[in-house]
$ cat query17.pdb   # PDB, C-alpha atoms
MODEL        1
ATOM      1  CA  MET A   1      27.363  53.901  20.663
ATOM      2  CA  THR A   2      23.678  53.393  21.404
ATOM      3  CA  ASN A   3      22.084  50.751  23.597
ATOM      4  CA  GLU A   4      20.775  48.971  20.502
ATOM      5  CA  LYS A   5      24.072  47.066  20.370
ATOM      6  CA  GLU A   6      24.130  46.293  24.088
ATOM      7  CA  LYS A   7      23.820  42.508  23.647
ATOM      8  CA  LEU A   8      26.543  42.501  20.979
ATOM      9  CA  THR A   9      28.826  44.572  23.212
ATOM     10  CA  SER A  10      28.211  42.262  26.181
ATOM     11  CA  PHE A  11      28.953  39.217  24.026
ATOM     12  CA  LEU A  12      32.223  40.718  22.783
ATOM     13  CA  LEU A  13      33.307  41.544  26.343
ATOM     14  CA  GLN A  14      32.290  38.158  27.776
ATOM     15  CA  THR A  15      34.194  36.355  25.036
ATOM     16  CA  PHE A  16      37.355  38.425  25.425
ATOM     17  CA  PRO A  17      37.668  41.332  27.903
ATOM     18  CA  MET A  18      38.893  44.575  26.326
ATOM     19  CA  PRO A  19      38.773  48.335  26.962
ATOM     20  CA  ALA A  20      35.377  50.007  26.528
ATOM     21  CA  ALA A  21      36.651  52.215  23.693
ATOM     22  CA  THR A  22      37.955  49.173  21.814
ATOM     23  CA  VAL A  23      34.734  47.201  22.152
ATOM     24  CA  ALA A  24      32.734  50.266  21.094
ATOM     25  CA  SER A  25      34.844  50.709  17.939
ATOM     26  CA  ILE A  26      34.410  47.018  17.068
ATOM     27  CA  ALA A  27      30.658  47.006  17.726
ATOM     28  CA  ASN A  28      30.233  50.107  15.552
ATOM     29  CA  LEU A  29      31.468  48.108  12.554
ATOM     30  CA  PHE A  30      28.571  45.639  12.837
ATOM     31  CA  LYS A  31      25.421  46.400  10.857
ATOM     32  CA  GLU A  32      21.901  45.266  11.631
ATOM     33  CA  LYS A  33      20.113  42.645   9.544
ATOM     34  CA  GLU A  34      16.793  40.928  10.093
ATOM     35  CA  PHE A  35      15.571  37.623   8.745
ATOM     36  CA  ALA A  36      11.981  36.439   8.567
ATOM     37  CA  ARG A  37      11.052  32.886   9.495
ATOM     38  CA  HIS A  38      12.356  30.396   6.887
ATOM     39  CA  ASP A  39      14.669  32.920   5.215
ATOM     40  CA  PHE A  40      17.970  31.539   3.985
ATOM     41  CA  VAL A  41      20.962  33.148   5.662
ATOM     42  CA  LEU A  42      23.273  31.059   3.460
ATOM     43  CA  LYS A  43      22.602  28.633   0.624
ATOM     44  CA  GLU A  44      24.719  25.609  -0.224
ATOM     45  CA  GLY A  45      27.120  26.347  -3.071
ATOM     46  CA  ARG A  46      27.605  30.000  -2.120
ATOM     47  CA  ILE A  47      30.557  31.447  -0.251
ATOM     48  CA  CYS A  48      29.756  32.669   3.248
ATOM     49  CA  ASN A  49      30.611  36.381   3.250
ATOM     50  CA  GLU A  50      29.030  37.523   6.507
ATOM     51  CA  TYR A  51      29.816  36.842  10.150
ATOM     52  CA  TYR A  52      26.669  37.216  12.266
ATOM     53  CA  PHE A  53      25.934  37.731  15.919
ATOM     54  CA  LEU A  54      22.418  36.380  16.506
ATOM     55  CA  GLU A  55      20.722  38.752  18.933
ATOM     56  CA  THR A  56      17.243  37.211  18.883
ATOM     57  CA  GLY A  57      15.726  34.164  17.240
ATOM     58  CA  PHE A  58      16.691  30.645  16.245
ATOM     59  CA  MET A  59      18.447  29.269  13.175
ATOM     60  CA  ARG A  60      19.667  25.931  11.934
ATOM     61  CA  ALA A  61      22.330  24.704   9.547
ATOM     62  CA  PHE A  62      21.464  21.712   7.388
ATOM     63  CA  THR A  63      22.609  19.661   4.452
ATOM     64  CA  PHE A  64      21.351  16.645   2.513
ATOM     65  CA  ASP A  65      22.732  13.135   2.837
ATOM     66  CA  HIS A  66      23.483  10.869  -0.152
ATOM     67  CA  GLU A  67      19.828   9.782  -0.221
ATOM     68  CA  GLY A  68      18.527  13.351  -0.299
ATOM     69  CA  ASN A  69      17.372  13.476   3.325
ATOM     70  CA  ASP A  70      17.427  16.868   5.081
ATOM     71  CA  ILE A  71      19.896  16.582   8.005
ATOM     72  CA  THR A  72      20.266  19.307  10.628
ATOM     73  CA  THR A  73      23.927  19.837  11.518
ATOM     74  CA  THR A  74      23.697  22.760  13.956
ATOM     75  CA  PHE A  75      21.167  24.814  15.860
ATOM     76  CA  TYR A  76      21.917  28.469  16.594
ATOM     77  CA  VAL A  77      20.295  30.253  19.517
ATOM     78  CA  ALA A  78      20.447  33.893  20.606
ATOM     79  CA  ASP A  79      23.824  35.254  21.719
ATOM     80  CA  GLN A  80      25.802  33.040  19.359
ATOM     81  CA  ILE A  81      27.945  33.622  16.313
ATOM     82  CA  VAL A  82      26.295  32.307  13.140
ATOM     83  CA  CYS A  83      28.760  31.600  10.365
ATOM     84  CA  GLU A  84      29.761  28.688   8.171
ATOM     85  CA  LEU A  85      33.377  29.057   9.264
ATOM     86  CA  LEU A  86      34.953  26.700   6.701
ATOM     87  CA  SER A  87      33.386  28.578   3.794
ATOM     88  CA  PHE A  88      33.985  31.977   5.407
ATOM     89  CA  PHE A  89      37.686  31.599   6.151
ATOM     90  CA  LYS A  90      38.702  29.276   3.307
ATOM     91  CA  ARG A  91      36.630  31.267   0.758
ATOM     92  CA  ILE A  92      35.088  28.092  -0.657
ATOM     93  CA  PRO A  93      31.440  27.285  -1.485
ATOM     94  CA  SER A  94      29.444  26.147   1.517
ATOM     95  CA  ARG A  95      28.259  22.555   1.726
ATOM     96  CA  GLU A  96      25.543  23.591   4.182
ATOM     97  CA  ASN A  97      22.494  25.842   4.240
ATOM     98  CA  ILE A  98      21.625  28.139   7.132
ATOM     99  CA  GLU A  99      17.960  29.015   7.615
ATOM    100  CA  SER A 100      16.056  31.053  10.190
ATOM    101  CA  LEU A 101      13.527  29.036  12.184
ATOM    102  CA  THR A 102      11.936  32.195  13.600
ATOM    103  CA  ASP A 103      12.132  35.901  12.881
ATOM    104  CA  CYS A 104      15.721  36.850  13.736
ATOM    105  CA  ARG A 105      17.654  40.013  14.482
ATOM    106  CA  CYS A 106      21.375  39.934  13.811
ATOM    107  CA  TRP A 107      24.432  42.144  13.717
ATOM    108  CA  TYR A 108      26.949  41.312  11.007
ATOM    109  CA  ILE A 109      30.332  42.213   9.634
ATOM    110  CA  SER A 110      31.585  41.312   6.149
ATOM    111  CA  PHE A 111      34.600  39.116   5.450
ATOM    112  CA  ASP A 112      36.685  42.068   4.231
ATOM    113  CA  GLU A 113      35.745  44.220   7.220
ATOM    114  CA  LEU A 114      36.485  41.389   9.612
ATOM    115  CA  GLN A 115      39.940  40.884   8.080
ATOM    116  CA  THR A 116      40.692  44.588   8.529
ATOM    117  CA  VAL A 117      39.643  44.480  12.184
ATOM    118  CA  PHE A 118      41.588  41.233  12.803
ATOM    119  CA  HIS A 119      44.771  42.872  11.543
ATOM    120  CA  GLY A 120      44.156  46.257  13.175
ATOM    121  CA  ILE A 121      42.842  45.408  16.654
ATOM    122  CA  PRO A 122      44.744  42.732  18.641
ATOM    123  CA  GLU A 123      41.834  42.272  21.080
ATOM    124  CA  PHE A 124      39.509  41.365  18.213
ATOM    125  CA  ARG A 125      42.075  38.867  16.955
ATOM    126  CA  GLU A 126      41.972  37.221  20.398
ATOM    127  CA  PHE A 127      38.170  37.374  20.381
ATOM    128  CA  GLY A 128      38.177  35.605  17.001
ATOM    129  CA  ARG A 129      40.599  32.958  18.209
ATOM    130  CA  THR A 130      38.381  32.284  21.235
ATOM    131  CA  ILE A 131      35.321  31.920  18.973
ATOM    132  CA  LEU A 132      37.196  29.429  16.760
ATOM    133  CA  ILE A 133      38.388  27.402  19.758
ATOM    134  CA  ASN A 134      34.848  27.293  21.153
ATOM    135  CA  ALA A 135      33.427  26.246  17.764
ATOM    136  CA  TYR A 136      36.030  23.484  17.434
ATOM    137  CA  SER A 137      35.281  22.303  20.993
ATOM    138  CA  ARG A 138      31.539  22.102  20.291
ATOM    139  CA  LEU A 139      32.173  20.225  17.050
ATOM    140  CA  LYS A 140      34.502  17.748  18.770
ATOM    141  CA  GLN A 141      32.066  17.205  21.650
ATOM    142  CA  ARG A 142      29.229  16.629  19.184
ATOM    143  CA  MET A 143      31.286  14.142  17.171
ATOM    144  CA  LEU A 144      32.242  12.195  20.304
ATOM    145  CA  SER A 145      28.679  12.245  21.641
ATOM    146  CA  MET A 146      27.422  10.721  18.369
ATOM    147  CA  ILE A 147      29.926   7.878  18.845
ATOM    148  CA  GLN A 148      29.988   7.375  22.610
ATOM    149  CA  GLU A 149      26.525   8.325  23.894
ATOM    150  CA  THR A 150      23.099   6.812  23.511
ATOM    151  CA  ALA A 151      20.322   8.663  21.709
ATOM    152  CA  GLU A 152      18.616   9.175  25.079
ATOM    153  CA  THR A 153      21.738  10.817  26.534
ATOM    154  CA  ARG A 154      22.063  13.107  23.494
ATOM    155  CA  TYR A 155      18.384  14.053  23.835
ATOM    156  CA  VAL A 156      18.752  14.913  27.533
ATOM    157  CA  SER A 157      21.901  16.954  26.841
ATOM    158  CA  LEU A 158      20.128  18.985  24.164
ATOM    159  CA  LEU A 159      17.079  19.440  26.376
ATOM    160  CA  GLN A 160      19.263  20.723  29.235
ATOM    161  CA  SER A 161      21.559  22.942  27.152
ATOM    162  CA  SER A 162      18.996  24.407  24.731
ATOM    163  CA  PRO A 163      15.409  23.757  25.870
ATOM    164  CA  ASP A 164      14.060  26.564  23.666
ATOM    165  CA  ILE A 165      15.007  24.614  20.548
ATOM    166  CA  PHE A 166      12.128  22.248  21.300
ATOM    167  CA  GLN A 167       9.714  25.189  21.061
ATOM    168  CA  HIS A 168      11.070  26.530  17.767
ATOM    169  CA  ALA A 169      12.392  23.590  15.734
ATOM    170  CA  GLN A 170      10.304  20.898  14.120
ATOM    171  CA  LEU A 171      10.783  17.491  15.727
ATOM    172  CA  LYS A 172      12.087  16.073  12.427
ATOM    173  CA  TYR A 173      14.931  18.626  12.530
ATOM    174  CA  ILE A 174      15.757  17.709  16.122
ATOM    175  CA  ALA A 175      15.672  13.996  15.279
ATOM    176  CA  THR A 176      18.161  14.354  12.412
ATOM    177  CA  TYR A 177      20.407  16.531  14.600
ATOM    178  CA  LEU A 178      20.410  13.753  17.216
ATOM    179  CA  GLY A 179      21.071  11.144  14.523
ATOM    180  CA  ILE A 180      17.808   9.265  15.056
ATOM    181  CA  THR A 181      14.458   8.777  13.346
ATOM    182  CA  ASP A 182      11.300  10.759  14.160
ATOM    183  CA  THR A 183       9.812   7.571  15.625
ATOM    184  CA  SER A 184      12.784   7.043  17.946
ATOM    185  CA  LEU A 185      12.597  10.658  19.109
ATOM    186  CA  SER A 186       8.871  10.309  19.849
ATOM    187  CA  ARG A 187       9.574   7.161  21.889
ATOM    188  CA  ILE A 188      12.405   8.837  23.830
ATOM    189  CA  ARG A 189      10.230  11.902  24.562
ATOM    190  CA  LYS A 190       7.382   9.674  25.722
ATOM    191  CA  ASP A 191       9.660   7.608  27.984
ATOM    192  CA  PHE A 192      11.298  10.740  29.372
ATOM    193  CA  SER A 193       7.945  12.380  30.188
ATOM    194  CA  LYS A 194       6.977   9.359  32.320
ATOM    195  CA  ARG A 195       9.967   9.790  34.629
TER     196      ARG A 195
ENDMDL
END
$ encode --input "query17.pdb" --output "structure tokens"
Amino acid sequence: MTNEKEKLTSFLLQTFPMPAATVASIANLFKEKEFARHDFVLKEGRICNEYYFLETGFMRAFTFDHEGNDITTTFYVADQIVCELLSFFKRIPSRENIESLTDCRCWYISFDELQTVFHGIPEFREFGRTILINAYSRLKQRMLSMIQETAETRYVSLLQSSPDIFQHAQLKYIATYLGITDTSLSRIRKDFSKR
């Protein structure tokens, strides 16, 4: 295996430790794919068939509310799995879009290939379970933060956890992700900069 998959290999090992030969055989199944800025990785209404590791770049998932407003549901940064998991595992049409916010380099595996690896390599099954648990945890934390925290607290949390998003995502995308208006986000940013 070449060094071109070094970040993927490191991610696999950090998520679930496994023998070098096992991680090499898993990484070899992933193929490279690049997306230009504003490319669609997945469009609403289509079934998600690919499971991506985002090596470089930024992406977002979004949908439209009942009034037709574009609402960002997730930001993806480098060294993360990018996949609409409900569509991918349930084999149902996605209710979200995933778009690249910058040029992106990914490694991906298809649904069928992933199923084969899940059933053939126990360590990858554990890796997959860890990814699902982490995704559920993030979703639950986000849901609770939308209910229990102020917009200012959500802004500070995003700024601390993913500061690069503010360099690559339009403020309107960040505002909808935080559940606030553009005007409210501008006010919060202004107040925060005075501290």
$ residues_around --input "query17.pdb" --residues "Thr74 in chain A" --least-positions-apart "4" --cutoff "9 Å" --atoms "only C-alpha atoms" --output "PyMOL selection string"
chain A and resi 59-62+98+177
$ resolve_selection --input "query17.pdb" --expression "the PyMOL selection byres ((chain A and resi 111) around 9)" --output "list of chain:residue names"
A:Cys48, A:Asn49, A:Glu50, A:Tyr51, A:Phe88, A:Phe89, A:Ile109, A:Ser110, A:Asp112, A:Glu113, A:Leu114, A:Gln115, A:Thr116
$ write_last_selection --input "query17.pdb" --atoms "C-alpha atoms" --output "PDB file, in the coordinates of the input"
ATOM      1  CA  CYS A  48      29.756  32.669   3.248  1.00  0.00           C
ATOM      2  CA  ASN A  49      30.611  36.381   3.250  1.00  0.00           C
ATOM      3  CA  GLU A  50      29.030  37.523   6.507  1.00  0.00           C
ATOM      4  CA  TYR A  51      29.816  36.842  10.150  1.00  0.00           C
ATOM      5  CA  PHE A  88      33.985  31.977   5.407  1.00  0.00           C
ATOM      6  CA  PHE A  89      37.686  31.599   6.151  1.00  0.00           C
ATOM      7  CA  ILE A 109      30.332  42.213   9.634  1.00  0.00           C
ATOM      8  CA  SER A 110      31.585  41.312   6.149  1.00  0.00           C
ATOM      9  CA  ASP A 112      36.685  42.068   4.231  1.00  0.00           C
ATOM     10  CA  GLU A 113      35.745  44.220   7.220  1.00  0.00           C
ATOM     11  CA  LEU A 114      36.485  41.389   9.612  1.00  0.00           C
ATOM     12  CA  GLN A 115      39.940  40.884   8.080  1.00  0.00           C
ATOM     13  CA  THR A 116      40.692  44.588   8.529  1.00  0.00           C
TER      14      THR A 116
END
$ atom_distance --input "query17.pdb" --atom1 "CA of Arg37 in chain A" --atom2 "CA of Phe75 in chain A"
14.4 Å
$ atom_distance --input "query17.pdb" --atom1 "CA of Leu54 in chain A" --atom2 "CA of Ser94 in chain A"
19.5 Å
$ resolve_selection --input "query17.pdb" --expression "the PyMOL selection byres ((chain A and resi 124) around 12)" --output "JSON, numbers by chain"
{"A": [12, 13, 15, 16, 17, 18, 19, 22, 23, 24, 25, 26, 27, 29, 113, 114, 115, 116, 117, 118, 119, 120, 121, 122, 123, 125, 126, 127, 128, 129, 130, 131]}
$ atom_distance --input "query17.pdb" --atom1 "CA of Arg95 in chain A" --atom2 "CA of Tyr52 in chain A"
18.1 Å
$ resolve_selection --input "query17.pdb" --expression "the PyMOL selection byres ((chain A and resi 99) around 12)" --output "number ranges by chain"
A: 35-44, 57-63, 72-76, 82-84, 96-98, 100-104, 169, 173
$ closest_residue --input "query17.pdb" --among "A:Ile188, A:Ile71, A:Ile47, A:Leu86" --to "Arg154 in chain A" --atoms "all atoms listed in the file"
A:Ile188
$ closest_residue --input "query17.pdb" --among "A:Ile174, A:Cys106, A:Leu8, A:Leu132" --to "Ser186 in chain A" --atoms "all atoms listed in the file"
A:Ile174
$ residues_around --input "query17.pdb" --residues "Met143 in chain A" --least-positions-apart "3" --cutoff "12 Å" --atoms "all atoms listed in the file" --output "ChimeraX atom specification"
/A:73-74,136-140,146-149,154,177-179
$ closest_residue --input "query17.pdb" --among "A:Lys172, A:Lys194, A:Lys90, A:Lys5" --to "Lys31 in chain A" --atoms "all atoms listed in the file"
A:Lys5
$ closest_residue --input "query17.pdb" --among "A:Thr176, A:Ala21, A:Phe11, A:Arg105" --to "Asp65 in chain A" --atoms "all atoms listed in the file"
A:Thr176
